[in-house]
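Printed here is model-v3.pdb (PDB, C-alpha atoms):
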```pdb
ATOM      1  CA  MET A   1     200.956 -36.577 102.129  1.00  0.00           C
ATOM      2  CA  SER A   2     199.632 -39.636 103.891  1.00  0.00           C
ATOM      3  CA  THR A   3     201.326 -40.465 107.184  1.00  0.00           C
ATOM      4  CA  GLY A   4     199.701 -43.851 107.709  1.00  0.00           C
ATOM      5  CA  LEU A   5     196.898 -44.891 110.004  1.00  0.00           C
ATOM      6  CA  ILE A   6     195.671 -42.157 112.325  1.00  0.00           C
ATOM      7  CA  THR A   7     193.404 -43.080 115.227  1.00  0.00           C
ATOM      8  CA  GLU A   8     190.196 -41.413 116.381  1.00  0.00           C
ATOM      9  CA  SER A   9     191.986 -40.239 119.511  1.00  0.00           C
ATOM     10  CA  GLN A  10     194.580 -38.390 117.447  1.00  0.00           C
ATOM     11  CA  ILE A  11     191.906 -36.405 115.601  1.00  0.00           C
ATOM     12  CA  ASN A  12     189.527 -36.451 118.570  1.00  0.00           C
ATOM     13  CA  MET A  13     186.659 -37.916 116.564  1.00  0.00           C
ATOM     14  CA  THR A  14     184.180 -40.298 118.144  1.00  0.00           C
ATOM     15  CA  LYS A  15     181.080 -39.240 116.198  1.00  0.00           C
ATOM     16  CA  LEU A  16     180.864 -38.115 112.567  1.00  0.00           C
ATOM     17  CA  THR A  17     177.813 -36.882 110.681  1.00  0.00           C
ATOM     18  CA  ILE A  18     177.712 -37.249 106.896  1.00  0.00           C
ATOM     19  CA  ILE A  19     175.011 -35.242 105.139  1.00  0.00           C
ATOM     20  CA  GLY A  20     174.366 -36.759 101.722  1.00  0.00           C
ATOM     21  CA  LEU A  21     174.993 -40.471 101.145  1.00  0.00           C
ATOM     22  CA  GLY A  22     175.793 -40.611  97.450  1.00  0.00           C
ATOM     23  CA  VAL A  23     178.984 -42.172  96.074  1.00  0.00           C
ATOM     24  CA  ILE A  24     181.294 -39.737  97.886  1.00  0.00           C
ATOM     25  CA  GLY A  25     179.390 -39.535 101.176  1.00  0.00           C
ATOM     26  CA  GLY A  26     178.745 -43.269 101.209  1.00  0.00           C
ATOM     27  CA  SER A  27     182.369 -44.054 100.385  1.00  0.00           C
ATOM     28  CA  ILE A  28     183.533 -41.819 103.226  1.00  0.00           C
ATOM     29  CA  ALA A  29     181.218 -43.699 105.583  1.00  0.00           C
ATOM     30  CA  ALA A  30     182.578 -47.028 104.354  1.00  0.00           C
ATOM     31  CA  ALA A  31     186.181 -45.864 104.749  1.00  0.00           C
ATOM     32  CA  ILE A  32     185.497 -44.596 108.272  1.00  0.00           C
ATOM     33  CA  LYS A  33     184.065 -47.981 109.193  1.00  0.00           C
ATOM     34  CA  LYS A  34     187.163 -49.648 107.746  1.00  0.00           C
ATOM     35  CA  TYR A  35     189.767 -47.506 109.495  1.00  0.00           C
ATOM     36  CA  HIS A  36     187.847 -46.270 112.557  1.00  0.00           C
ATOM     37  CA  PRO A  37     185.329 -48.975 113.449  1.00  0.00           C
ATOM     38  CA  SER A  38     184.622 -47.498 116.878  1.00  0.00           C
ATOM     39  CA  CYS A  39     183.604 -44.118 115.455  1.00  0.00           C
ATOM     40  CA  ALA A  40     179.840 -43.626 115.328  1.00  0.00           C
ATOM     41  CA  VAL A  41     178.727 -42.528 111.857  1.00  0.00           C
ATOM     42  CA  ILE A  42     175.417 -40.714 111.550  1.00  0.00           C
ATOM     43  CA  GLY A  43     174.025 -40.652 108.022  1.00  0.00           C
ATOM     44  CA  CYS A  44     171.651 -37.884 106.975  1.00  0.00           C
ATOM     45  CA  ASP A  45     169.822 -38.008 103.665  1.00  0.00           C
ATOM     46  CA  LYS A  46     166.420 -36.851 102.439  1.00  0.00           C
ATOM     47  CA  ASN A  47     165.958 -40.227 100.715  1.00  0.00           C
ATOM     48  CA  SER A  48     164.703 -42.742 103.280  1.00  0.00           C
ATOM     49  CA  ARG A  49     165.543 -45.676 100.976  1.00  0.00           C
ATOM     50  CA  THR A  50     169.176 -44.531 100.854  1.00  0.00           C
ATOM     51  CA  LEU A  51     169.285 -44.515 104.643  1.00  0.00           C
ATOM     52  CA  GLU A  52     167.779 -48.004 104.755  1.00  0.00           C
ATOM     53  CA  ILE A  53     170.420 -49.305 102.347  1.00  0.00           C
ATOM     54  CA  ALA A  54     173.229 -47.620 104.293  1.00  0.00           C
ATOM     55  CA  LEU A  55     172.019 -49.211 107.524  1.00  0.00           C
ATOM     56  CA  LYS A  56     171.700 -52.622 105.882  1.00  0.00           C
ATOM     57  CA  MET A  57     175.243 -52.288 104.489  1.00  0.00           C
ATOM     58  CA  LYS A  58     176.431 -51.239 107.983  1.00  0.00           C
ATOM     59  CA  LEU A  59     177.910 -48.027 106.614  1.00  0.00           C
ATOM     60  CA  ILE A  60     176.244 -45.955 109.329  1.00  0.00           C
ATOM     61  CA  ASN A  61     175.207 -46.461 112.932  1.00  0.00           C
ATOM     62  CA  GLN A  62     172.106 -44.323 112.603  1.00  0.00           C
ATOM     63  CA  GLY A  63     170.173 -42.870 109.683  1.00  0.00           C
ATOM     64  CA  VAL A  64     168.066 -39.721 110.045  1.00  0.00           C
ATOM     65  CA  GLU A  65     166.423 -37.290 107.654  1.00  0.00           C
ATOM     66  CA  ASP A  66     166.415 -34.326 110.066  1.00  0.00           C
ATOM     67  CA  ILE A  67     169.655 -32.318 109.964  1.00  0.00           C
ATOM     68  CA  LYS A  68     169.239 -30.902 113.470  1.00  0.00           C
ATOM     69  CA  GLU A  69     169.007 -34.406 114.894  1.00  0.00           C
ATOM     70  CA  ALA A  70     171.829 -35.680 112.688  1.00  0.00           C
ATOM     71  CA  ILE A  71     174.443 -33.148 113.827  1.00  0.00           C
ATOM     72  CA  PHE A  72     173.647 -33.317 117.534  1.00  0.00           C
ATOM     73  CA  SER A  73     176.867 -33.994 119.505  1.00  0.00           C
ATOM     74  CA  SER A  74     178.934 -34.838 116.388  1.00  0.00           C
ATOM     75  CA  ASP A  75     182.610 -33.865 116.396  1.00  0.00           C
ATOM     76  CA  ILE A  76     182.770 -33.354 112.621  1.00  0.00           C
ATOM     77  CA  ILE A  77     179.935 -32.550 110.213  1.00  0.00           C
ATOM     78  CA  LEU A  78     180.774 -33.488 106.636  1.00  0.00           C
ATOM     79  CA  ILE A  79     178.523 -32.117 103.898  1.00  0.00           C
ATOM     80  CA  ALA A  80     178.552 -34.394 100.852  1.00  0.00           C
ATOM     81  CA  THR A  81     175.651 -32.898  98.918  1.00  0.00           C
ATOM     82  CA  SER A  82     175.758 -31.213  95.524  1.00  0.00           C
ATOM     83  CA  ILE A  83     176.722 -27.539  95.289  1.00  0.00           C
ATOM     84  CA  SER A  84     173.089 -26.705  94.531  1.00  0.00           C
ATOM     85  CA  GLY A  85     171.991 -28.246  97.824  1.00  0.00           C
ATOM     86  CA  LEU A  86     174.722 -26.734  99.980  1.00  0.00           C
ATOM     87  CA  LYS A  87     172.961 -23.447 100.757  1.00  0.00           C
ATOM     88  CA  VAL A  88     169.870 -25.195 102.118  1.00  0.00           C
ATOM     89  CA  VAL A  89     171.976 -27.565 104.210  1.00  0.00           C
ATOM     90  CA  LEU A  90     174.081 -24.752 105.704  1.00  0.00           C
ATOM     91  CA  SER A  91     171.000 -22.637 106.413  1.00  0.00           C
ATOM     92  CA  THR A  92     169.335 -25.574 108.176  1.00  0.00           C
ATOM     93  CA  LEU A  93     172.273 -26.561 110.350  1.00  0.00           C
ATOM     94  CA  ALA A  94     173.612 -23.054 111.127  1.00  0.00           C
ATOM     95  CA  PRO A  95     171.274 -22.329 114.097  1.00  0.00           C
ATOM     96  CA  HIS A  96     172.222 -25.621 115.742  1.00  0.00           C
ATOM     97  CA  ILE A  97     176.023 -25.631 115.412  1.00  0.00           C
ATOM     98  CA  LYS A  98     178.026 -25.787 118.623  1.00  0.00           C
ATOM     99  CA  ARG A  99     181.350 -24.028 119.179  1.00  0.00           C
ATOM    100  CA  ASP A 100     183.371 -27.238 119.296  1.00  0.00           C
ATOM    101  CA  GLN A 101     181.973 -28.754 116.093  1.00  0.00           C
ATOM    102  CA  ILE A 102     183.852 -28.730 112.792  1.00  0.00           C
ATOM    103  CA  ILE A 103     182.116 -28.462 109.414  1.00  0.00           C
ATOM    104  CA  THR A 104     183.666 -29.464 106.105  1.00  0.00           C
ATOM    105  CA  ASP A 105     182.448 -30.199 102.571  1.00  0.00           C
ATOM    106  CA  VAL A 106     183.392 -32.002  99.362  1.00  0.00           C
ATOM    107  CA  CYS A 107     182.185 -29.541  96.693  1.00  0.00           C
ATOM    108  CA  SER A 108     184.300 -29.211  93.558  1.00  0.00           C
ATOM    109  CA  VAL A 109     184.112 -25.382  93.455  1.00  0.00           C
ATOM    110  CA  LYS A 110     185.446 -23.524  96.473  1.00  0.00           C
ATOM    111  CA  SER A 111     185.217 -19.718  96.105  1.00  0.00           C
ATOM    112  CA  SER A 112     181.424 -19.600  95.770  1.00  0.00           C
ATOM    113  CA  VAL A 113     181.011 -22.222  98.497  1.00  0.00           C
ATOM    114  CA  ILE A 114     183.191 -20.175 100.839  1.00  0.00           C
ATOM    115  CA  ASP A 115     181.200 -17.003 100.101  1.00  0.00           C
ATOM    116  CA  THR A 116     177.956 -18.844 100.844  1.00  0.00           C
ATOM    117  CA  ALA A 117     179.324 -20.387 104.038  1.00  0.00           C
ATOM    118  CA  ARG A 118     180.669 -17.057 105.271  1.00  0.00           C
ATOM    119  CA  LYS A 119     177.263 -15.392 104.875  1.00  0.00           C
ATOM    120  CA  ILE A 120     175.270 -18.224 106.443  1.00  0.00           C
ATOM    121  CA  LEU A 121     177.557 -19.526 109.189  1.00  0.00           C
ATOM    122  CA  LYS A 122     178.588 -16.050 110.390  1.00  0.00           C
ATOM    123  CA  GLU A 123     180.272 -16.443 113.802  1.00  0.00           C
ATOM    124  CA  HIS A 124     180.717 -20.175 113.105  1.00  0.00           C
ATOM    125  CA  PHE A 125     182.515 -19.617 109.789  1.00  0.00           C
ATOM    126  CA  SER A 126     185.915 -20.196 111.425  1.00  0.00           C
ATOM    127  CA  GLN A 127     184.777 -23.776 112.095  1.00  0.00           C
ATOM    128  CA  PHE A 128     184.272 -24.443 108.371  1.00  0.00           C
ATOM    129  CA  VAL A 129     187.095 -26.179 106.474  1.00  0.00           C
ATOM    130  CA  PRO A 130     186.397 -26.177 102.712  1.00  0.00           C
ATOM    131  CA  GLY A 131     187.502 -29.382 101.009  1.00  0.00           C
ATOM    132  CA  HIS A 132     187.482 -31.179  97.682  1.00  0.00           C
ATOM    133  CA  PRO A 133     188.434 -34.854  97.251  1.00  0.00           C
ATOM    134  CA  LEU A 134     189.834 -35.451  93.762  1.00  0.00           C
ATOM    135  CA  ALA A 135     188.218 -38.856  93.610  1.00  0.00           C
ATOM    136  CA  GLY A 136     185.056 -40.191  92.093  1.00  0.00           C
ATOM    137  CA  SER A 137     183.356 -43.014  90.257  1.00  0.00           C
ATOM    138  CA  GLU A 138     181.351 -43.565  87.130  1.00  0.00           C
ATOM    139  CA  LYS A 139     178.725 -45.138  89.379  1.00  0.00           C
ATOM    140  CA  ILE A 140     176.002 -43.142  91.094  1.00  0.00           C
ATOM    141  CA  GLY A 141     174.112 -43.553  94.342  1.00  0.00           C
ATOM    142  CA  ILE A 142     174.959 -45.451  97.470  1.00  0.00           C
ATOM    143  CA  GLU A 143     175.177 -48.764  95.588  1.00  0.00           C
ATOM    144  CA  GLY A 144     178.364 -47.417  93.971  1.00  0.00           C
ATOM    145  CA  ILE A 145     180.304 -46.808  97.186  1.00  0.00           C
ATOM    146  CA  ASP A 146     183.928 -47.914  97.559  1.00  0.00           C
ATOM    147  CA  GLU A 147     185.707 -48.058 100.926  1.00  0.00           C
ATOM    148  CA  ASN A 148     189.042 -47.719  99.109  1.00  0.00           C
ATOM    149  CA  LEU A 149     188.021 -44.746  96.959  1.00  0.00           C
ATOM    150  CA  PHE A 150     190.346 -42.265  98.677  1.00  0.00           C
ATOM    151  CA  ILE A 151     193.507 -44.343  99.004  1.00  0.00           C
ATOM    152  CA  ASN A 152     196.406 -42.311  97.556  1.00  0.00           C
ATOM    153  CA  LYS A 153     193.935 -39.773  96.141  1.00  0.00           C
ATOM    154  CA  LYS A 154     194.476 -36.033  96.436  1.00  0.00           C
ATOM    155  CA  ILE A 155     192.294 -34.126  98.876  1.00  0.00           C
ATOM    156  CA  VAL A 156     192.486 -30.362  98.505  1.00  0.00           C
ATOM    157  CA  LEU A 157     191.638 -28.181 101.513  1.00  0.00           C
ATOM    158  CA  THR A 158     191.162 -24.447 100.923  1.00  0.00           C
ATOM    159  CA  PRO A 159     191.031 -22.782 104.357  1.00  0.00           C
ATOM    160  CA  CYS A 160     190.610 -19.012 104.648  1.00  0.00           C
ATOM    161  CA  LYS A 161     192.395 -16.564 106.940  1.00  0.00           C
ATOM    162  CA  GLU A 162     189.480 -16.933 109.402  1.00  0.00           C
ATOM    163  CA  THR A 163     189.618 -20.732 109.461  1.00  0.00           C
ATOM    164  CA  ASP A 164     190.633 -22.177 112.810  1.00  0.00           C
ATOM    165  CA  ASP A 165     194.025 -23.932 112.621  1.00  0.00           C
ATOM    166  CA  THR A 166     192.906 -26.765 114.875  1.00  0.00           C
ATOM    167  CA  ALA A 167     189.919 -27.430 112.620  1.00  0.00           C
ATOM    168  CA  VAL A 168     192.217 -27.629 109.583  1.00  0.00           C
ATOM    169  CA  LYS A 169     194.509 -30.066 111.396  1.00  0.00           C
ATOM    170  CA  LYS A 170     191.602 -32.301 112.390  1.00  0.00           C
ATOM    171  CA  VAL A 171     190.104 -32.405 108.883  1.00  0.00           C
ATOM    172  CA  THR A 172     193.583 -33.054 107.489  1.00  0.00           C
ATOM    173  CA  GLY A 173     193.979 -35.893 109.960  1.00  0.00           C
ATOM    174  CA  LEU A 174     190.577 -37.302 109.043  1.00  0.00           C
ATOM    175  CA  TRP A 175     191.469 -37.540 105.351  1.00  0.00           C
ATOM    176  CA  GLN A 176     194.968 -38.842 106.036  1.00  0.00           C
ATOM    177  CA  SER A 177     193.458 -41.548 108.220  1.00  0.00           C
ATOM    178  CA  LEU A 178     191.575 -42.724 105.129  1.00  0.00           C
ATOM    179  CA  GLN A 179     194.961 -42.993 103.374  1.00  0.00           C
ATOM    180  CA  ALA A 180     194.429 -39.890 101.228  1.00  0.00           C
ATOM    181  CA  GLN A 181     197.051 -37.260 100.394  1.00  0.00           C
ATOM    182  CA  VAL A 182     196.097 -33.802 101.617  1.00  0.00           C
ATOM    183  CA  SER A 183     197.143 -30.549  99.954  1.00  0.00           C
ATOM    184  CA  ILE A 184     196.414 -27.001 101.141  1.00  0.00           C
ATOM    185  CA  MET A 185     195.557 -24.528  98.385  1.00  0.00           C
ATOM    186  CA  ASP A 186     194.226 -21.014  97.933  1.00  0.00           C
ATOM    187  CA  PRO A 187     190.493 -21.165  96.985  1.00  0.00           C
ATOM    188  CA  GLU A 188     190.880 -19.011  93.861  1.00  0.00           C
ATOM    189  CA  ALA A 189     193.904 -21.003  92.699  1.00  0.00           C
ATOM    190  CA  HIS A 190     191.970 -24.233  93.228  1.00  0.00           C
ATOM    191  CA  ASP A 191     189.047 -23.039  91.125  1.00  0.00           C
ATOM    192  CA  LYS A 192     191.304 -21.777  88.345  1.00  0.00           C
ATOM    193  CA  ILE A 193     193.299 -25.003  88.138  1.00  0.00           C
ATOM    194  CA  LEU A 194     190.248 -27.265  88.367  1.00  0.00           C
ATOM    195  CA  SER A 195     188.372 -25.250  85.747  1.00  0.00           C
ATOM    196  CA  LEU A 196     191.181 -25.954  83.277  1.00  0.00           C
ATOM    197  CA  THR A 197     192.011 -29.531  84.223  1.00  0.00           C
ATOM    198  CA  SER A 198     188.593 -30.935  85.145  1.00  0.00           C
ATOM    199  CA  HIS A 199     185.577 -28.723  84.534  1.00  0.00           C
ATOM    200  CA  LEU A 200     186.541 -27.473  81.034  1.00  0.00           C
ATOM    201  CA  PRO A 201     187.320 -30.957  79.644  1.00  0.00           C
ATOM    202  CA  HIS A 202     183.898 -32.137  80.877  1.00  0.00           C
ATOM    203  CA  VAL A 203     182.252 -29.260  79.005  1.00  0.00           C
TER     204      VAL A 203
END
```
Starting from the coordinates I provided, produce the structure as structure tokens.
Amino acid sequence: MSTGLITESQINMTKLTIIGLGVIGGSIAAAIKKYHPSCAVIGCDKNSRTLEIALKMKLINQGVEDIKEAIFSSDIILIATSISGLKVVLSTLAPHIKRDQIITDVCSVKSSVIDTARKILKEHFSQFVPGHPLAGSEKIGIEGIDENLFINKKIVLTPCKETDDTAVKKVTGLWQSLQAQVSIMDPEAHDKILSLTSHLPHV
């Protein structure tokens, strides 16, 4: 449940990397700029035009296509790519992760994502906090971003037994600072509920 505005100092975040600047990633960047203007946001996307637009819209402080460069010295690394692109992203960033960095995602399916992350991140898996914002838009691409997209929206986090408690608290604080309501759920329960309430209706 949202507890109001939370500052960067409370979640110890001065630099955030967002990998994937679609509607969700771009909206997160916009919300960070709204609530934490002093936090440096590094945008990483394979589409150079998307990075140019994000810079022009002042959503990010820096735009880079190279993941290694993008995550350097960031406190939190947020992966906002599709599920199909997650494996490549994790494999690329895994060799460069530092012990004090936190990784989280926004994928709508958690069990398979967790299995993939566990295999790829290995000793860094405890730093990974699986997440799923129950928010979206009919628009696509960075032009469809909304800085208010997460206000009063549910954010489900599905940490595992290995997940570091401090990492969970910081990701929880990050989402709450964007005025979202955070819930903790078992990964399998999340997938079962979402398959019935979201994925099946879409099919």
(Q) Restricting the calculation to only C-alpha atoms: of A:Ile71, A:Leu178, A:Ile103, A:Ile19, which residue gets closest to Lys33 of chain A? (A)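 Between A:Ile71, A:Leu178, A:Ile103, A:Ile19, the residue approaching Lys33 of chain A most closely is A:Leu178.
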Q: Excluding Thr14 of chain A and any residue of its chain fewer than 5 positions from it, enumerate the residues within 10 Å of it, using all atoms listed in the file, and give them as a list in words.
A: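 Near Thr14 of chain A, the qualifying residues are Glu8, Ser9, His36, Pro37, Ser38, Cys39, Ala40, Val41, Ser73, Ser74, Asp75 and Ile76 of chain A.
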Given the file shown, enumerate the residues that the PyMOL selection byres ((chain A and resi 159) around 9) captures and present them as a tab-separated table (two decimals) with C-alpha atoms, in the frame of the given file.
```tsv
chain	number	residue	atom	x	y	z
A	114	ILE	CA	183.19	-20.18	100.84
A	128	PHE	CA	184.27	-24.44	108.37
A	129	VAL	CA	187.10	-26.18	106.47
A	130	PRO	CA	186.40	-26.18	102.71
A	131	GLY	CA	187.50	-29.38	101.01
A	157	LEU	CA	191.64	-28.18	101.51
A	158	THR	CA	191.16	-24.45	100.92
A	160	CYS	CA	190.61	-19.01	104.65
A	161	LYS	CA	192.40	-16.56	106.94
A	162	GLU	CA	189.48	-16.93	109.40
A	163	THR	CA	189.62	-20.73	109.46
A	164	ASP	CA	190.63	-22.18	112.81
A	165	ASP	CA	194.02	-23.93	112.62
A	168	VAL	CA	192.22	-27.63	109.58
A	184	ILE	CA	196.41	-27.00	101.14
A	185	MET	CA	195.56	-24.53	98.38
A	186	ASP	CA	194.23	-21.01	97.93
A	187	PRO	CA	190.49	-21.16	96.98
```
Q: Expand the PyMOL selection byres ((chain A and resi 32) around 12) into the individual residues it matches in the shown file, reporting them as a PyMOL selection string.
A: chain A and resi 5-8+13-18+25-31+33-42+58-61+146-150+174-179
Quick one: 4 Å padding each side, axis-aligned, all listed atoms of segment 71-87 of chain A - centre and edge lengths in Å to one decimal, as lines of an AutoDock Vina configuration file?
```
center_x = 177.4
center_y = -29.1
center_z = 107.0
size_x = 18.8
size_y = 19.4
size_z = 33.0
```
Q) For the file shown, what are the residues hit by the PyMOL selection byres ((chain A and resi 21) around 12), laid out as a PyMOL selection string? A) chain A and resi 17-20+22-30+41-55+59-60+63-65+78-82+140-145
Q. How many Å separate atom CA of Thr92 of chain A from atom CA of Met57 of chain A?
A. 27.6 Å
Q. So how far away is atom CA of Lys68 of chain A from atom CA of Leu93 of chain A, in Å?
A.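 Going from atom CA of Leu93 of chain A over to atom CA of Lys68 of chain A, I get 6.1 Å.
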Q) Which of these, A:Ile97, A:Ile193, A:Ile155, A:Ile11, has the shortest distance to Phe72 of chain A once you count all atoms listed in the file? A)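 So, comparing all the options, the nearest one is A:Ile97.
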Q) Which value, in Å to one decimal, gives the distance between atom CA of Lys154 of chain A and atom CA of Leu134 of chain A? A)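 Atom CA of Lys154 of chain A sits 5.4 Å away from atom CA of Leu134 of chain A.
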Q: Return the single residue from A:Ser84, A:Ser91, A:Ser126, A:Thr166 that is closest to Ser112 of chain A, with distances computed using all atoms listed in the file.
A: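 The closest residue to Ser112 of chain A is A:Ser84.
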Q) Which residue, A:Ser183, A:Ile77, A:His132, A:Lys122, has the smallest gap to Ser108 of chain A when you use all atoms listed in the file? A)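 Result for the nearest residue to Ser108 of chain A: A:His132.
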Q | Selection near segment 116-118 of chain A, 8 Å with all atoms listed in the file, sequence-local residues under 5 positions removed, as number ranges by chain | A | A: 87, 90, 125, 128
May I ask you to restore N, CA, C and O atoms in segment 150-171 of chain A and write the result as a compact mmCIF listing (two decimals), keeping the file's coordinate frame?
```txt
# COMPACT_ATOMS: atom_id res chain seq x y z
N PHE A 150 189.47 -43.40 98.40
CA PHE A 150 190.35 -42.26 98.68
C PHE A 150 191.81 -42.64 98.90
O PHE A 150 192.64 -41.76 99.14
N ILE A 151 192.13 -43.91 98.80
CA ILE A 151 193.51 -44.34 99.00
C ILE A 151 194.42 -43.72 97.94
O ILE A 151 194.20 -43.88 96.74
N ASN A 152 195.42 -42.99 98.41
CA ASN A 152 196.41 -42.31 97.56
C ASN A 152 195.80 -41.27 96.63
O ASN A 152 196.44 -40.84 95.66
N LYS A 153 194.57 -40.84 96.92
CA LYS A 153 193.94 -39.77 96.14
C LYS A 153 194.23 -38.41 96.79
O LYS A 153 194.45 -38.31 97.98
N LYS A 154 194.23 -37.38 95.95
CA LYS A 154 194.48 -36.03 96.44
C LYS A 154 193.20 -35.46 97.07
O LYS A 154 192.13 -35.56 96.49
N ILE A 155 193.37 -34.86 98.23
CA ILE A 155 192.29 -34.13 98.88
C ILE A 155 192.78 -32.69 99.04
O ILE A 155 193.80 -32.45 99.69
N VAL A 156 192.08 -31.75 98.43
CA VAL A 156 192.49 -30.36 98.50
C VAL A 156 191.64 -29.64 99.56
O VAL A 156 190.41 -29.66 99.49
N LEU A 157 192.31 -29.02 100.53
CA LEU A 157 191.64 -28.18 101.51
C LEU A 157 191.97 -26.72 101.19
O LEU A 157 193.12 -26.40 100.86
N THR A 158 190.95 -25.86 101.28
CA THR A 158 191.16 -24.45 100.92
C THR A 158 190.72 -23.54 102.08
O THR A 158 189.78 -22.75 101.94
N PRO A 159 191.41 -23.62 103.21
CA PRO A 159 191.03 -22.78 104.36
C PRO A 159 191.25 -21.30 104.06
O PRO A 159 192.07 -20.92 103.23
N CYS A 160 190.50 -20.47 104.78
CA CYS A 160 190.61 -19.01 104.65
C CYS A 160 191.39 -18.46 105.84
O CYS A 160 191.73 -19.20 106.76
N LYS A 161 191.65 -17.17 105.84
CA LYS A 161 192.40 -16.56 106.94
C LYS A 161 191.63 -16.70 108.26
O LYS A 161 192.24 -16.74 109.34
N GLU A 162 190.28 -16.81 108.18
CA GLU A 162 189.48 -16.93 109.40
C GLU A 162 189.43 -18.37 109.93
O GLU A 162 189.04 -18.59 111.08
N THR A 163 189.78 -19.32 109.09
CA THR A 163 189.62 -20.73 109.46
C THR A 163 190.50 -21.11 110.64
O THR A 163 191.71 -20.82 110.65
N ASP A 164 189.92 -21.75 111.61
CA ASP A 164 190.63 -22.18 112.81
C ASP A 164 191.69 -23.23 112.46
O ASP A 164 191.40 -24.22 111.78
N ASP A 165 192.92 -23.02 112.93
CA ASP A 165 194.02 -23.93 112.62
C ASP A 165 193.77 -25.35 113.13
O ASP A 165 194.11 -26.33 112.47
N THR A 166 193.19 -25.44 114.31
CA THR A 166 192.91 -26.76 114.88
C THR A 166 191.90 -27.52 114.01
O THR A 166 192.03 -28.74 113.81
N ALA A 167 190.91 -26.80 113.49
CA ALA A 167 189.92 -27.43 112.62
C ALA A 167 190.58 -27.96 111.35
O ALA A 167 190.27 -29.07 110.89
N VAL A 168 191.50 -27.19 110.79
CA VAL A 168 192.22 -27.63 109.58
C VAL A 168 193.03 -28.89 109.88
O VAL A 168 193.03 -29.84 109.10
N LYS A 169 193.70 -28.91 111.02
CA LYS A 169 194.51 -30.07 111.40
C LYS A 169 193.65 -31.32 111.57
O LYS A 169 194.04 -32.42 111.16
N LYS A 170 192.46 -31.14 112.15
CA LYS A 170 191.60 -32.30 112.39
C LYS A 170 191.02 -32.85 111.08
O LYS A 170 190.92 -34.06 110.89
N VAL A 171 190.63 -31.94 110.18
CA VAL A 171 190.10 -32.40 108.88
C VAL A 171 191.23 -33.04 108.07
O VAL A 171 191.02 -34.04 107.38
```
